[in-house]
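Trainee: Contents of work-v4.csv (CSV, C-alpha atoms and all ligand atoms):
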chain,number,residue,atom,x,y,z
A,1,MET,CA,-15.4,-41.9,3.8
A,2,THR,CA,-18.6,-40.7,2.3
A,3,ASP,CA,-17.8,-37.0,2.3
A,4,THR,CA,-14.6,-37.4,0.3
A,5,ARG,CA,-14.7,-35.6,-3.0
A,6,THR,CA,-12.1,-35.0,-5.6
A,7,ILE,CA,-10.8,-31.7,-6.8
A,8,ARG,CA,-8.2,-30.7,-9.4
A,9,ILE,CA,-5.3,-28.7,-8.2
A,10,GLU,CA,-3.2,-27.0,-10.9
A,11,ALA,CA,0.2,-26.1,-9.4
A,12,LEU,CA,2.8,-23.9,-10.9
A,13,ARG,CA,6.1,-25.8,-11.3
A,14,PHE,CA,9.3,-24.0,-11.8
A,15,ASN,CA,12.9,-24.8,-11.1
A,16,PRO,CA,15.0,-21.7,-12.2
A,17,GLU,CA,18.1,-23.9,-12.4
A,18,THR,CA,16.8,-26.3,-15.0
A,19,ASP,CA,13.5,-25.0,-16.5
A,20,SER,CA,13.4,-22.3,-19.1
A,21,ALA,CA,9.8,-21.4,-18.2
A,22,PRO,CA,7.2,-22.2,-15.6
A,23,ARG,CA,4.4,-24.7,-16.4
A,24,LEU,CA,1.2,-25.8,-14.7
A,25,GLN,CA,1.0,-29.4,-13.4
A,26,ARG,CA,-2.4,-30.9,-12.7
A,27,TYR,CA,-3.2,-33.2,-9.8
A,28,ASP,CA,-6.5,-34.8,-8.8
A,29,VAL,CA,-6.7,-34.7,-5.1
A,30,PRO,CA,-9.3,-36.4,-2.8
A,31,PHE,CA,-10.4,-34.1,0.0
A,32,THR,CA,-12.7,-34.0,3.0
A,33,PRO,CA,-14.6,-30.9,4.1
A,34,ASP,CA,-12.0,-30.0,6.7
A,35,MET,CA,-9.1,-29.9,4.3
A,36,SER,CA,-7.3,-26.7,3.4
A,37,VAL,CA,-5.5,-25.9,0.2
A,38,LEU,CA,-2.2,-26.5,2.1
A,39,GLN,CA,-3.4,-30.0,3.1
A,40,GLY,CA,-4.3,-30.6,-0.5
A,41,LEU,CA,-0.7,-29.8,-1.4
A,42,GLN,CA,0.6,-32.0,1.4
A,43,TYR,CA,-1.5,-34.8,0.0
A,44,ILE,CA,0.2,-34.3,-3.4
A,45,LYS,CA,3.6,-34.3,-1.8
A,46,ASP,CA,2.9,-37.4,0.3
A,47,HIS,CA,1.0,-39.5,-2.3
A,48,LEU,CA,1.4,-38.1,-5.9
A,49,ASP,CA,4.6,-36.1,-6.4
A,50,GLY,CA,7.2,-35.6,-3.7
A,51,SER,CA,9.0,-33.0,-5.7
A,52,LEU,CA,6.3,-30.3,-5.4
A,53,THR,CA,7.9,-27.5,-3.3
A,54,PHE,CA,6.0,-25.1,-1.0
A,55,ARG,CA,6.4,-23.6,2.5
A,56,TRP,CA,4.4,-23.9,5.6
A,57,SER,CA,4.9,-24.3,9.3
A,58,CYS,CA,2.1,-23.5,11.8
A,59,ARG,CA,-0.9,-24.6,9.7
A,60,MET,CA,-3.0,-22.1,11.7
A,61,ALA,CA,-2.5,-18.6,10.1
A,62,VAL,CA,0.2,-17.6,12.5
A,63,CYS,CA,3.6,-18.2,11.0
A,64,GLY,CA,3.0,-16.4,7.7
A,65,SER,CA,5.0,-18.9,5.5
A,66,CYS,CA,2.2,-20.5,3.4
A,67,GLY,CA,1.1,-17.5,1.4
A,68,MET,CA,0.5,-18.1,-2.3
A,69,MET,CA,-1.7,-17.0,-5.2
A,70,ILE,CA,-4.9,-19.1,-5.1
A,71,ASN,CA,-7.0,-18.6,-8.2
A,72,GLY,CA,-5.1,-15.4,-8.8
A,73,ARG,CA,-5.6,-13.8,-5.4
A,74,PRO,CA,-3.0,-13.8,-2.5
A,75,HIS,CA,-4.2,-16.1,0.3
A,76,LEU,CA,-2.8,-18.1,3.2
A,77,SER,CA,-3.1,-21.6,1.9
A,78,CYS,CA,-3.7,-23.0,5.5
A,79,GLU,CA,-6.8,-21.0,6.0
A,80,THR,CA,-8.3,-21.4,2.5
A,81,PHE,CA,-10.5,-24.5,2.3
A,82,LEU,CA,-10.9,-26.8,-0.7
A,83,ARG,CA,-14.6,-27.2,0.0
A,84,ASP,CA,-15.0,-23.4,-0.7
A,85,LEU,CA,-13.3,-23.8,-4.1
A,86,TYR,CA,-15.2,-26.9,-5.2
A,87,PRO,CA,-15.7,-28.0,-8.0
A,88,GLY,CA,-12.4,-26.3,-8.9
A,89,PRO,CA,-10.0,-26.4,-10.5
A,90,VAL,CA,-7.8,-24.7,-8.0
A,91,ARG,CA,-4.9,-22.9,-9.4
A,92,VAL,CA,-1.9,-22.3,-7.0
A,93,GLU,CA,1.0,-20.1,-8.0
A,94,PRO,CA,3.8,-18.4,-6.0
A,95,LEU,CA,3.1,-15.0,-4.7
A,96,ASP,CA,3.1,-12.3,-7.4
A,97,HIS,CA,6.0,-9.9,-7.8
A,98,PHE,CA,8.6,-12.1,-6.1
A,99,PRO,CA,11.4,-14.1,-7.6
A,100,VAL,CA,10.6,-17.8,-7.5
A,101,GLN,CA,13.0,-20.1,-5.7
A,102,ARG,CA,11.2,-23.2,-6.7
A,103,ASP,CA,7.6,-24.0,-7.5
A,104,LEU,CA,5.5,-22.2,-4.9
A,105,ALA,CA,8.4,-21.0,-2.8
A,106,ILE,CA,9.4,-17.4,-3.3
A,107,ASP,CA,12.7,-15.6,-2.4
A,108,GLN,CA,12.0,-13.4,0.6
A,109,ALA,CA,15.5,-11.9,0.9
A,110,GLY,CA,14.5,-8.5,-0.4
A,111,PHE,CA,11.8,-8.2,2.2
A,112,LEU,CA,14.1,-9.2,5.0
A,113,ASP,CA,16.5,-6.3,4.0
A,114,LYS,CA,13.5,-3.9,4.1
A,115,LEU,CA,12.4,-5.2,7.5
A,116,ALA,CA,15.9,-4.7,8.8
A,117,ALA,CA,15.9,-1.1,7.4
A,118,ILE,CA,12.9,0.0,9.4
A,119,LYS,CA,14.5,-1.1,12.7
A,120,PRO,CA,11.8,-3.6,13.8
A,121,TYR,CA,12.5,-3.3,17.5
A,122,ILE,CA,11.9,-0.8,20.2
A,123,VAL,CA,14.4,2.0,20.3
A,124,SER,CA,14.2,3.7,23.7
A,125,ALA,CA,15.7,7.0,24.8
A,126,LYS,CA,17.8,5.3,27.5
A,127,ASP,CA,18.5,1.7,28.5
A,128,LYS,CA,16.2,0.7,31.3
A,129,PRO,CA,17.8,-1.7,33.7
A,130,LEU,CA,15.8,-4.9,34.3
A,131,SER,CA,15.7,-4.1,38.0
A,132,GLU,CA,13.3,-1.2,37.2
A,133,GLY,CA,10.7,-3.8,36.1
A,134,PRO,CA,8.4,-3.8,33.1
A,135,SER,CA,7.4,-0.7,31.1
A,136,ARG,CA,3.8,0.0,31.7
A,137,GLN,CA,1.4,1.1,28.9
A,138,THR,CA,-2.2,2.3,29.2
A,139,PRO,CA,-4.8,0.5,27.1
A,140,ALA,CA,-4.9,3.6,24.9
A,141,GLN,CA,-1.1,3.4,24.4
A,142,LEU,CA,-1.5,-0.3,23.4
A,143,ASP,CA,-4.4,0.4,21.1
A,144,ALA,CA,-2.3,3.0,19.2
A,145,TYR,CA,-0.1,0.3,17.6
A,146,TYR,CA,-1.8,-3.0,18.4
A,147,GLN,CA,-3.3,-3.5,14.9
A,148,TYR,CA,0.1,-3.1,13.2
A,149,SER,CA,1.8,-5.5,15.6
A,150,GLN,CA,-0.5,-8.3,14.3
A,151,CYS,CA,1.5,-8.6,11.0
A,152,ILE,CA,2.9,-12.1,10.4
A,153,ASN,CA,5.2,-11.1,7.5
A,154,CYS,CA,3.2,-13.4,5.1
A,155,LEU,CA,3.8,-11.0,2.2
A,156,LEU,CA,0.3,-11.3,0.8
A,157,CYS,CA,0.2,-7.5,0.8
A,158,TYR,CA,3.3,-7.3,-1.4
A,159,ALA,CA,1.7,-9.7,-3.9
A,160,ALA,CA,-1.3,-7.4,-3.9
A,161,CYS,CA,0.7,-4.2,-4.4
A,162,PRO,CA,1.0,-2.9,-8.0
A,163,GLN,CA,3.7,-0.4,-6.9
A,164,PHE,CA,5.9,-3.2,-5.6
A,165,GLY,CA,5.2,-5.0,-8.8
A,166,LEU,CA,6.5,-2.0,-10.7
A,167,ASN,CA,9.4,-1.2,-8.4
A,168,PRO,CA,10.8,-4.1,-6.3
A,169,ASP,CA,12.8,-1.5,-4.2
A,170,PHE,CA,9.6,-0.1,-2.7
A,171,ILE,CA,9.8,-0.7,1.1
A,172,GLY,CA,6.2,-1.8,0.8
A,173,PRO,CA,3.1,-2.3,2.8
A,174,ALA,CA,4.2,-4.7,5.6
A,175,ALA,CA,7.5,-3.1,6.4
A,176,LEU,CA,5.9,0.4,6.4
A,177,SER,CA,3.1,-0.9,8.7
A,178,LEU,CA,5.8,-2.2,11.1
A,179,LEU,CA,7.7,1.1,10.8
A,180,HIS,CA,4.4,2.7,12.0
A,181,ARG,CA,4.0,0.1,14.7
A,182,TYR,CA,7.3,0.9,16.4
A,183,ASN,CA,6.9,4.7,15.9
A,184,LEU,CA,3.5,4.6,17.6
A,185,ASP,CA,4.8,2.6,20.6
A,186,SER,CA,5.0,4.8,23.7
A,187,ARG,CA,8.3,3.0,24.7
A,188,ASP,CA,9.9,4.0,21.4
A,189,ILE,CA,11.5,7.3,20.6
A,190,GLY,CA,9.4,7.4,17.5
A,191,TRP,CA,9.5,9.1,14.1
A,192,SER,CA,13.2,10.3,14.1
A,193,VAL,CA,14.5,6.7,14.3
A,194,ARG,CA,12.9,5.7,11.1
A,195,ALA,CA,12.3,9.0,9.3
A,196,ASP,CA,14.9,8.3,6.6
A,197,VAL,CA,13.1,5.2,5.4
A,198,ALA,CA,9.6,6.8,5.4
A,199,ASN,CA,10.9,10.0,3.7
A,200,ALA,CA,12.7,8.1,1.0
A,201,GLU,CA,11.7,7.8,-2.7
A,202,VAL,CA,11.2,4.1,-2.1
A,203,GLY,CA,9.4,4.9,1.2
A,204,VAL,CA,5.8,6.1,1.7
A,205,TRP,CA,6.0,8.2,-1.5
A,206,GLU,CA,6.0,5.2,-3.8
A,207,CYS,CA,2.5,4.4,-2.7
A,208,THR,CA,-0.5,5.6,-4.9
A,209,VAL,CA,-3.2,4.5,-2.4
A,210,VAL,CA,-4.6,1.5,-4.4
A,211,GLY,CA,-5.5,-0.2,-1.1
A,212,TYR,CA,-5.5,-3.8,-2.2
A,213,CYS,CA,-2.9,-4.5,0.5
A,214,SER,CA,-5.4,-3.8,3.2
A,215,GLU,CA,-8.0,-6.0,1.5
A,216,VAL,CA,-5.9,-9.1,1.3
A,217,CYS,CA,-4.2,-8.9,4.7
A,218,PRO,CA,-5.3,-12.0,6.7
A,219,LYS,CA,-4.6,-10.3,10.1
A,220,GLY,CA,-6.6,-7.2,9.8
A,221,VAL,CA,-3.6,-4.9,9.5
A,222,ASP,CA,-4.4,-1.8,7.4
A,223,PRO,CA,-1.1,-1.1,5.6
A,224,MET,CA,-2.7,1.6,3.4
A,225,HIS,CA,-3.7,3.5,6.5
A,226,ALA,CA,-0.2,3.2,8.0
A,227,VAL,CA,1.3,4.6,4.8
A,228,ASN,CA,-1.2,7.4,4.5
A,229,GLU,CA,-0.5,8.5,8.1
A,230,ASN,CA,3.2,8.5,7.3
A,231,LYS,CA,2.7,10.6,4.2
A,232,VAL,CA,1.3,13.3,6.6
A,233,ASN,CA,4.3,12.7,8.9
A,234,SER,CA,6.8,12.8,6.1
A,235,ALA,CA,5.2,16.0,4.6
A,236,LEU,CA,5.4,17.7,8.0
A,237,ASP,CA,8.9,16.6,8.3
A,238,TYR,CA,9.7,18.0,4.9
A,239,LEU,CA,8.3,21.4,5.9
A,240,GLY,CA,10.4,21.1,9.1
A,241,VAL,CA,7.3,21.2,11.4
A,242,LYS,CA,7.0,17.6,12.3
A,243,ARG,CA,8.0,18.2,15.9
A,244,LEU,CA,5.6,21.1,16.2
A,245,LEU,CA,2.6,19.4,14.8
A,246,GLY,CA,3.1,15.7,14.8
A,247,GLY,CA,4.4,14.9,18.3
A,248,ARG,CA,7.2,12.5,18.7
B,1,MET,CA,19.8,0.0,1.1
B,2,LYS,CA,20.0,3.3,-0.9
B,3,LEU,CA,17.6,5.8,0.6
B,4,LYS,CA,17.2,9.0,-1.3
B,5,ARG,CA,14.8,11.6,0.1
B,6,SER,CA,11.7,12.1,-2.0
B,7,GLN,CA,10.6,15.6,-3.2
B,8,GLU,CA,7.1,14.3,-3.5
B,9,PRO,CA,5.8,16.0,-0.3
B,10,ILE,CA,5.6,19.4,-2.2
B,11,PHE,CA,3.4,17.9,-4.9
B,12,TRP,CA,1.4,15.9,-2.4
B,13,LEU,CA,0.7,18.9,-0.3
B,14,LEU,CA,-0.5,20.8,-3.4
B,15,PHE,CA,-2.6,17.8,-4.3
B,16,GLY,CA,-4.0,17.6,-0.8
B,17,GLY,CA,-4.7,21.4,-0.8
B,18,GLY,CA,-6.5,21.1,-4.1
B,19,GLY,CA,-8.5,18.1,-3.0
B,20,THR,CA,-9.7,19.9,0.2
B,21,LEU,CA,-10.6,23.0,-1.8
B,22,ALA,CA,-12.4,21.0,-4.4
B,23,ALA,CA,-14.4,19.3,-1.7
B,24,LEU,CA,-15.2,22.6,-0.1
B,25,VAL,CA,-15.9,24.9,-3.1
B,26,GLY,CA,-16.0,22.6,-6.1
B,27,VAL,CA,-19.6,21.5,-5.7
B,28,VAL,CA,-20.7,25.0,-4.8
B,29,LEU,CA,-19.1,26.4,-8.0
B,30,ILE,CA,-20.7,23.8,-10.1
B,31,VAL,CA,-24.1,24.5,-8.7
B,32,ILE,CA,-23.7,28.2,-9.2
B,33,THR,CA,-22.0,28.3,-12.6
B,34,GLY,CA,-23.6,25.1,-14.0
B,35,ILE,CA,-27.1,25.2,-12.7
B,36,LEU,CA,-28.3,28.3,-10.8
B,37,VAL,CA,-27.0,30.9,-13.4
B,38,PRO,CA,-27.9,29.0,-16.6
B,39,THR,CA,-31.4,28.2,-15.3
B,40,GLY,CA,-31.9,31.8,-14.3
B,41,THR,CA,-32.4,31.0,-10.7
B,42,LEU,CA,-29.8,33.6,-9.9
B,43,PRO,CA,-30.1,37.1,-11.5
B,44,PRO,CA,-28.9,36.9,-15.1
B,45,ASP,CA,-26.0,39.4,-14.5
B,46,THR,CA,-24.5,37.4,-11.6
B,47,MET,CA,-21.7,36.2,-14.0
B,48,SER,CA,-21.7,39.1,-16.4
B,49,TYR,CA,-18.3,40.3,-17.6
B,50,ALA,CA,-18.6,43.5,-15.5
B,51,ALA,CA,-19.5,41.6,-12.3
B,52,MET,CA,-16.8,39.0,-12.8
B,53,HIS,CA,-14.2,41.7,-13.6
B,54,ALA,CA,-15.1,43.6,-10.5
B,55,PHE,CA,-14.8,40.5,-8.4
B,56,ALA,CA,-11.4,39.6,-9.8
B,57,ALA,CA,-10.2,43.1,-9.2
B,58,THR,CA,-10.6,42.9,-5.4
B,59,LEU,CA,-7.8,41.3,-3.4
B,60,PHE,CA,-10.1,38.6,-2.0
B,61,GLY,CA,-11.3,37.9,-5.6
B,62,LYS,CA,-7.7,37.6,-6.8
B,63,VAL,CA,-6.6,35.2,-4.0
B,64,ALA,CA,-9.8,33.1,-4.3
B,65,ILE,CA,-9.5,32.7,-8.1
B,66,PHE,CA,-5.8,32.0,-7.9
B,67,LEU,CA,-6.2,29.3,-5.3
B,68,VAL,CA,-9.1,27.6,-6.9
B,69,ILE,CA,-7.5,27.5,-10.4
B,70,SER,CA,-4.0,26.6,-9.4
B,71,LEU,CA,-4.7,24.1,-6.5
B,72,LEU,CA,-7.4,22.3,-8.4
B,73,LEU,CA,-5.0,22.0,-11.3
B,74,TRP,CA,-2.3,20.6,-9.2
B,75,HIS,CA,-4.8,18.2,-7.7
B,76,GLY,CA,-5.9,17.0,-11.2
B,77,VAL,CA,-2.4,16.5,-12.6
B,78,HIS,CA,-1.4,14.5,-9.6
B,79,ARG,CA,-4.2,12.1,-10.3
B,80,MET,CA,-3.5,12.0,-14.0
B,81,ALA,CA,0.2,11.2,-13.3
B,82,ALA,CA,-0.8,8.4,-10.9
B,83,THR,CA,-3.1,7.0,-13.6
B,84,ALA,CA,-0.3,7.1,-16.2
B,85,HIS,CA,1.8,5.2,-13.7
B,86,HIS,CA,-0.9,2.7,-12.8
B,87,VAL,CA,-1.7,1.7,-16.4
B,88,GLY,CA,2.0,1.0,-16.8
B,89,LEU,CA,2.7,3.8,-19.3
B,90,ALA,CA,6.4,3.3,-20.3
B,91,SER,CA,6.8,7.1,-20.3
B,92,ALA,CA,4.9,7.7,-17.0
B,93,HIS,CA,7.8,9.7,-15.7
B,94,THR,CA,7.7,12.0,-18.8
B,95,ALA,CA,4.0,12.3,-18.4
B,96,GLN,CA,4.5,13.4,-14.8
B,97,ILE,CA,7.0,16.1,-15.9
B,98,VAL,CA,4.7,17.3,-18.7
B,99,LEU,CA,1.7,17.4,-16.4
B,100,ARG,CA,3.5,19.1,-13.6
B,101,GLY,CA,5.1,21.5,-16.0
B,102,PHE,CA,1.7,22.4,-17.3
B,103,ALA,CA,0.3,23.0,-13.8
B,104,ALA,CA,3.3,25.2,-13.0
B,105,LEU,CA,3.0,27.2,-16.2
B,106,ALA,CA,-0.8,27.6,-15.7
B,107,THR,CA,-0.2,28.7,-12.0
B,108,ALA,CA,2.3,31.3,-13.1
B,109,ALA,CA,0.1,32.5,-15.9
B,110,CYS,CA,-2.9,32.7,-13.5
B,111,ALA,CA,-0.8,34.8,-11.1
B,112,TYR,CA,0.4,37.0,-13.8
B,113,LEU,CA,-3.0,37.7,-15.3
B,114,LEU,CA,-4.6,38.3,-11.9
B,115,THR,CA,-1.9,40.8,-10.8
B,116,GLY,CA,-2.4,42.6,-14.1
B,117,LEU,CA,-6.1,43.2,-13.5
A,301,LIG,S1,0.5,-6.5,6.6
A,301,LIG,FE1,-0.9,-8.3,6.5
A,301,LIG,S2,-0.7,-9.1,4.4
A,301,LIG,FE2,1.1,-7.8,4.8
A,301,LIG,S3,2.7,-9.2,5.6
A,301,LIG,FE3,1.6,-8.4,7.4
A,301,LIG,S4,0.0,-9.9,7.9
A,301,LIG,FE4,0.7,-10.3,5.8
A,302,LIG,S1,1.2,-22.4,7.7
A,302,LIG,FE1,1.6,-20.8,9.0
A,302,LIG,S2,0.4,-19.2,8.2
A,302,LIG,FE2,-0.2,-20.9,7.0
As structure tokens, please, write out the structure in this file.
Ligand code: SF4
Ligand code: FES

Mentor:
Amino acid sequence: MTDTRTIRIEALRFNPETDSAPRLQRYDVPFTPDMSVLQGLQYIKDHLDGSLTFRWSCRMAVCGSCGMMINGRPHLSCETFLRDLYPGPVRVEPLDHFPVQRDLAIDQAGFLDKLAAIKPYIVSAKDKPLSEGPSRQTPAQLDAYYQYSQCINCLLCYAACPQFGLNPDFIGPAALSLLHRYNLDSRDIGWSVRADVANAEVGVWECTVVGYCSEVCPKGVDPMHAVNENKVNSALDYLGVKRLLGGR
Amino acid sequence: MKLKRSQEPIFWLLFGGGGTLAALVGVVLIVITGILVPTGTLPPDTMSYAAMHAFAATLFGKVAIFLVISLLLWHGVHRMAATAHHVGLASAHTAQIVLRGFAALATAACAYLLTGL
């Protein structure tokens, strides 16, 4: 094909079981204008080096598994195009601040614990039998949390967060955004269910409002805003006036 | 997961109070003390010792001076502590204690001096 060009991809290689240190491996990859960085990596895996390890699933910015550092910035590799990075080289590395499982695949276990801690499901005051039909919400009630419900757990925001880099126990941007998402849902009891996490030293108070999380999020979630709103909630809670001033 | 309640809200509220006050009166104070008085736009004795002393002797004056000095200090040290943390200072926690200790001492000194007037 005439519009095929070649670009160099430098991938970080690391197997913690056998390697003492990570190294960069260089591959020259032919690409067409419609090819993403993820497709470039798949070309390497299929044609050049089957041992290169990375994650993906949906290839359409929905599943959140293909996040990696591309030229030093967190990106979804399926929606980052090689044509935009030409003439290269393109450096791909695992997401910052996470332990590496192998090559570009990071260990997400810590995040999954944090996700569980914020109770990422609706906690309602009483069980509603199915026979009562769906719970209705007004457009305004939906708007209140919609943005935060768009999170795909891609962890780009964690790779962007210097506080998470300094303290891996920090609950972090995405989990705190999801905490906010459920607290804001009219079907949920709200603040009291998740106050212990927000109020904790590793909760909202670890954040120093750098804001890079909100810049790198591919889904338009604004984690910094979620954290800031919950600093207000947590401060009111600390003074014992959360219920008086902050609603639910 | 170990969740220990943070005491940060106290300092954050002081920081927020200081920020609000700085936005409301900070600029006005700079304009008055830094421009209008030195250039003689306001009468030369606006900030004379006698005038300032009289202002500080009123209850309103005491409260205003106390709030401006203490809250703006708390605001400032919060930022400086965050900066120490951001630049990865190994002793950022010590810096925080020193800075907050300084703000607390200055607040106490300010209250003491004002009540003595
Ligand atoms: S908040 Fe955005 S960047 Fe963070 S995990 Fe969710 S979708 Fe990804
Ligand atoms: S492969 Fe699913 S988000 Fe990129």

Trainee: Kindly assemble as CSV a list of the chain A residues that lie within 10 Å of ligand LIG 301 (chain A), each paired with its nearest atom pair and their distance in Å to one decimal, using all atoms listed in the file, sorted first by chain and then by ascending residue number.

Mentor:
residue,atom,partner,partner_atom,distance
A:Ala61,CA,A:LIG301,S4,9.3
A:Val62,CA,A:LIG301,S4,9.0
A:Cys63,CA,A:LIG301,S4,9.6
A:Gly64,CA,A:LIG301,FE4,6.8
A:Ser65,CA,A:LIG301,FE4,9.6
A:Gly67,CA,A:LIG301,FE4,8.4
A:Pro74,CA,A:LIG301,S2,8.7
A:His75,CA,A:LIG301,S2,8.8
A:Leu76,CA,A:LIG301,FE4,8.9
A:Phe111,CA,A:LIG301,S3,9.8
A:Gln147,CA,A:LIG301,S1,9.6
A:Tyr148,CA,A:LIG301,S1,7.4
A:Ser149,CA,A:LIG301,FE3,8.7
A:Gln150,CA,A:LIG301,S4,6.6
A:Cys151,CA,A:LIG301,FE3,3.6
A:Ile152,CA,A:LIG301,S4,4.4
A:Asn153,CA,A:LIG301,S3,3.7
A:Cys154,CA,A:LIG301,FE4,4.0
A:Leu155,CA,A:LIG301,S3,4.0
A:Leu156,CA,A:LIG301,S2,4.3
A:Cys157,CA,A:LIG301,S2,4.0
A:Tyr158,CA,A:LIG301,FE2,6.6
A:Ala159,CA,A:LIG301,S2,8.7
A:Ala160,CA,A:LIG301,S2,8.5
A:Cys161,CA,A:LIG301,FE2,9.9
A:Gly172,CA,A:LIG301,FE2,8.8
A:Pro173,CA,A:LIG301,FE2,6.2
A:Ala174,CA,A:LIG301,S1,4.2
A:Ala175,CA,A:LIG301,S1,7.8
A:Leu176,CA,A:LIG301,S1,8.8
A:Ser177,CA,A:LIG301,S1,6.5
A:Leu178,CA,A:LIG301,S1,8.2
A:Tyr212,CA,A:LIG301,S2,9.7
A:Cys213,CA,A:LIG301,S2,6.4
A:Ser214,CA,A:LIG301,FE1,7.2
A:Glu215,CA,A:LIG301,S2,8.4
A:Val216,CA,A:LIG301,S2,6.1
A:Cys217,CA,A:LIG301,S2,3.5
A:Pro218,CA,A:LIG301,FE1,5.8
A:Lys219,CA,A:LIG301,S4,5.1
A:Gly220,CA,A:LIG301,FE1,6.7
A:Val221,CA,A:LIG301,S1,5.3
A:Asp222,CA,A:LIG301,S1,6.8
A:Pro223,CA,A:LIG301,S1,5.7
A:Met224,CA,A:LIG301,S1,9.3
A:Ala226,CA,A:LIG301,S1,9.8

Trainee: Any chance you can output those residues with C-alpha atoms as a compact mmCIF listing (two decimals), in the coordinates of the input?

Mentor:
# COMPACT_ATOMS: atom_id res chain seq x y z
CA ALA A 61 -2.50 -18.60 10.10
CA VAL A 62 0.20 -17.60 12.50
CA CYS A 63 3.60 -18.20 11.00
CA GLY A 64 3.00 -16.40 7.70
CA SER A 65 5.00 -18.90 5.50
CA GLY A 67 1.10 -17.50 1.40
CA PRO A 74 -3.00 -13.80 -2.50
CA HIS A 75 -4.20 -16.10 0.30
CA LEU A 76 -2.80 -18.10 3.20
CA PHE A 111 11.80 -8.20 2.20
CA GLN A 147 -3.30 -3.50 14.90
CA TYR A 148 0.10 -3.10 13.20
CA SER A 149 1.80 -5.50 15.60
CA GLN A 150 -0.50 -8.30 14.30
CA CYS A 151 1.50 -8.60 11.00
CA ILE A 152 2.90 -12.10 10.40
CA ASN A 153 5.20 -11.10 7.50
CA CYS A 154 3.20 -13.40 5.10
CA LEU A 155 3.80 -11.00 2.20
CA LEU A 156 0.30 -11.30 0.80
CA CYS A 157 0.20 -7.50 0.80
CA TYR A 158 3.30 -7.30 -1.40
CA ALA A 159 1.70 -9.70 -3.90
CA ALA A 160 -1.30 -7.40 -3.90
CA CYS A 161 0.70 -4.20 -4.40
CA GLY A 172 6.20 -1.80 0.80
CA PRO A 173 3.10 -2.30 2.80
CA ALA A 174 4.20 -4.70 5.60
CA ALA A 175 7.50 -3.10 6.40
CA LEU A 176 5.90 0.40 6.40
CA SER A 177 3.10 -0.90 8.70
CA LEU A 178 5.80 -2.20 11.10
CA TYR A 212 -5.50 -3.80 -2.20
CA CYS A 213 -2.90 -4.50 0.50
CA SER A 214 -5.40 -3.80 3.20
CA GLU A 215 -8.00 -6.00 1.50
CA VAL A 216 -5.90 -9.10 1.30
CA CYS A 217 -4.20 -8.90 4.70
CA PRO A 218 -5.30 -12.00 6.70
CA LYS A 219 -4.60 -10.30 10.10
CA GLY A 220 -6.60 -7.20 9.80
CA VAL A 221 -3.60 -4.90 9.50
CA ASP A 222 -4.40 -1.80 7.40
CA PRO A 223 -1.10 -1.10 5.60
CA MET A 224 -2.70 1.60 3.40
CA ALA A 226 -0.20 3.20 8.00

Trainee: Just need the residues of chain B within 6 Å of chain A, counting only C-alpha atoms, so spit them out as a compact mmCIF listing (two decimals) with C-alpha atoms, in the frame of the given file.

Mentor:
# COMPACT_ATOMS: atom_id res chain seq x y z
CA LEU B 3 17.60 5.80 0.60
CA LYS B 4 17.20 9.00 -1.30
CA ARG B 5 14.80 11.60 0.10
CA SER B 6 11.70 12.10 -2.00
CA PRO B 9 5.80 16.00 -0.30

Trainee: Which residues, written as a list in words, have at least one atom at most 10 Å from stretch 110-115 of chain B, with only C-alpha atoms counted and residues fewer than 4 positions away on the same chain left out?

Mentor: Ala56, Ala57, Thr58, Leu59, Gly61, Lys62, Val63, Ile65, Phe66, Leu67, Ile69, Ser70, Ala104, Leu105 and Ala106 of chain B

Trainee: Could you state the separation of atom CA of A:Gly40 and atom CA of A:Ile9 in Å, given to one decimal place?

Mentor: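 Distance reported for this atom pair: 8.0 Å.
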
Trainee: Ranking A:Ile118, A:Asn183, A:Arg194, A:Gly211 by minimum distance to A:Ile171 and counting all atoms listed in the file, which one comes first?

Mentor: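 Checking each of A:Ile118, A:Asn183, A:Arg194, A:Gly211 against A:Ile171, counting all atoms listed in the file, the winner is A:Ile118.
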
Trainee: List the residues sitting within 9 Å of (-10.3, -27.2, -2.0) in the file's frame, using all atoms listed in the file, as a ChimeraX atom specification.

Mentor: /A:6-9,29,31-33,35-37,40,80-90

Trainee: Determine the nearest neighbour of B:Ala81 from the options B:Thr107, B:Thr20, B:Gln96, B:Thr46, counting all atoms listed in the file.

Mentor: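 The answer is B:Gln96, which sits nearest to B:Ala81.
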
Trainee: Quick check, in Å to one decimal: how far apart do atom CA of A:Asn15 and atom FE1 of ligand LIG 302 (chain A) lie?

Mentor: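 Separation between atom CA of A:Asn15 and atom FE1 of ligand LIG 302 (chain A): 23.4 Å.
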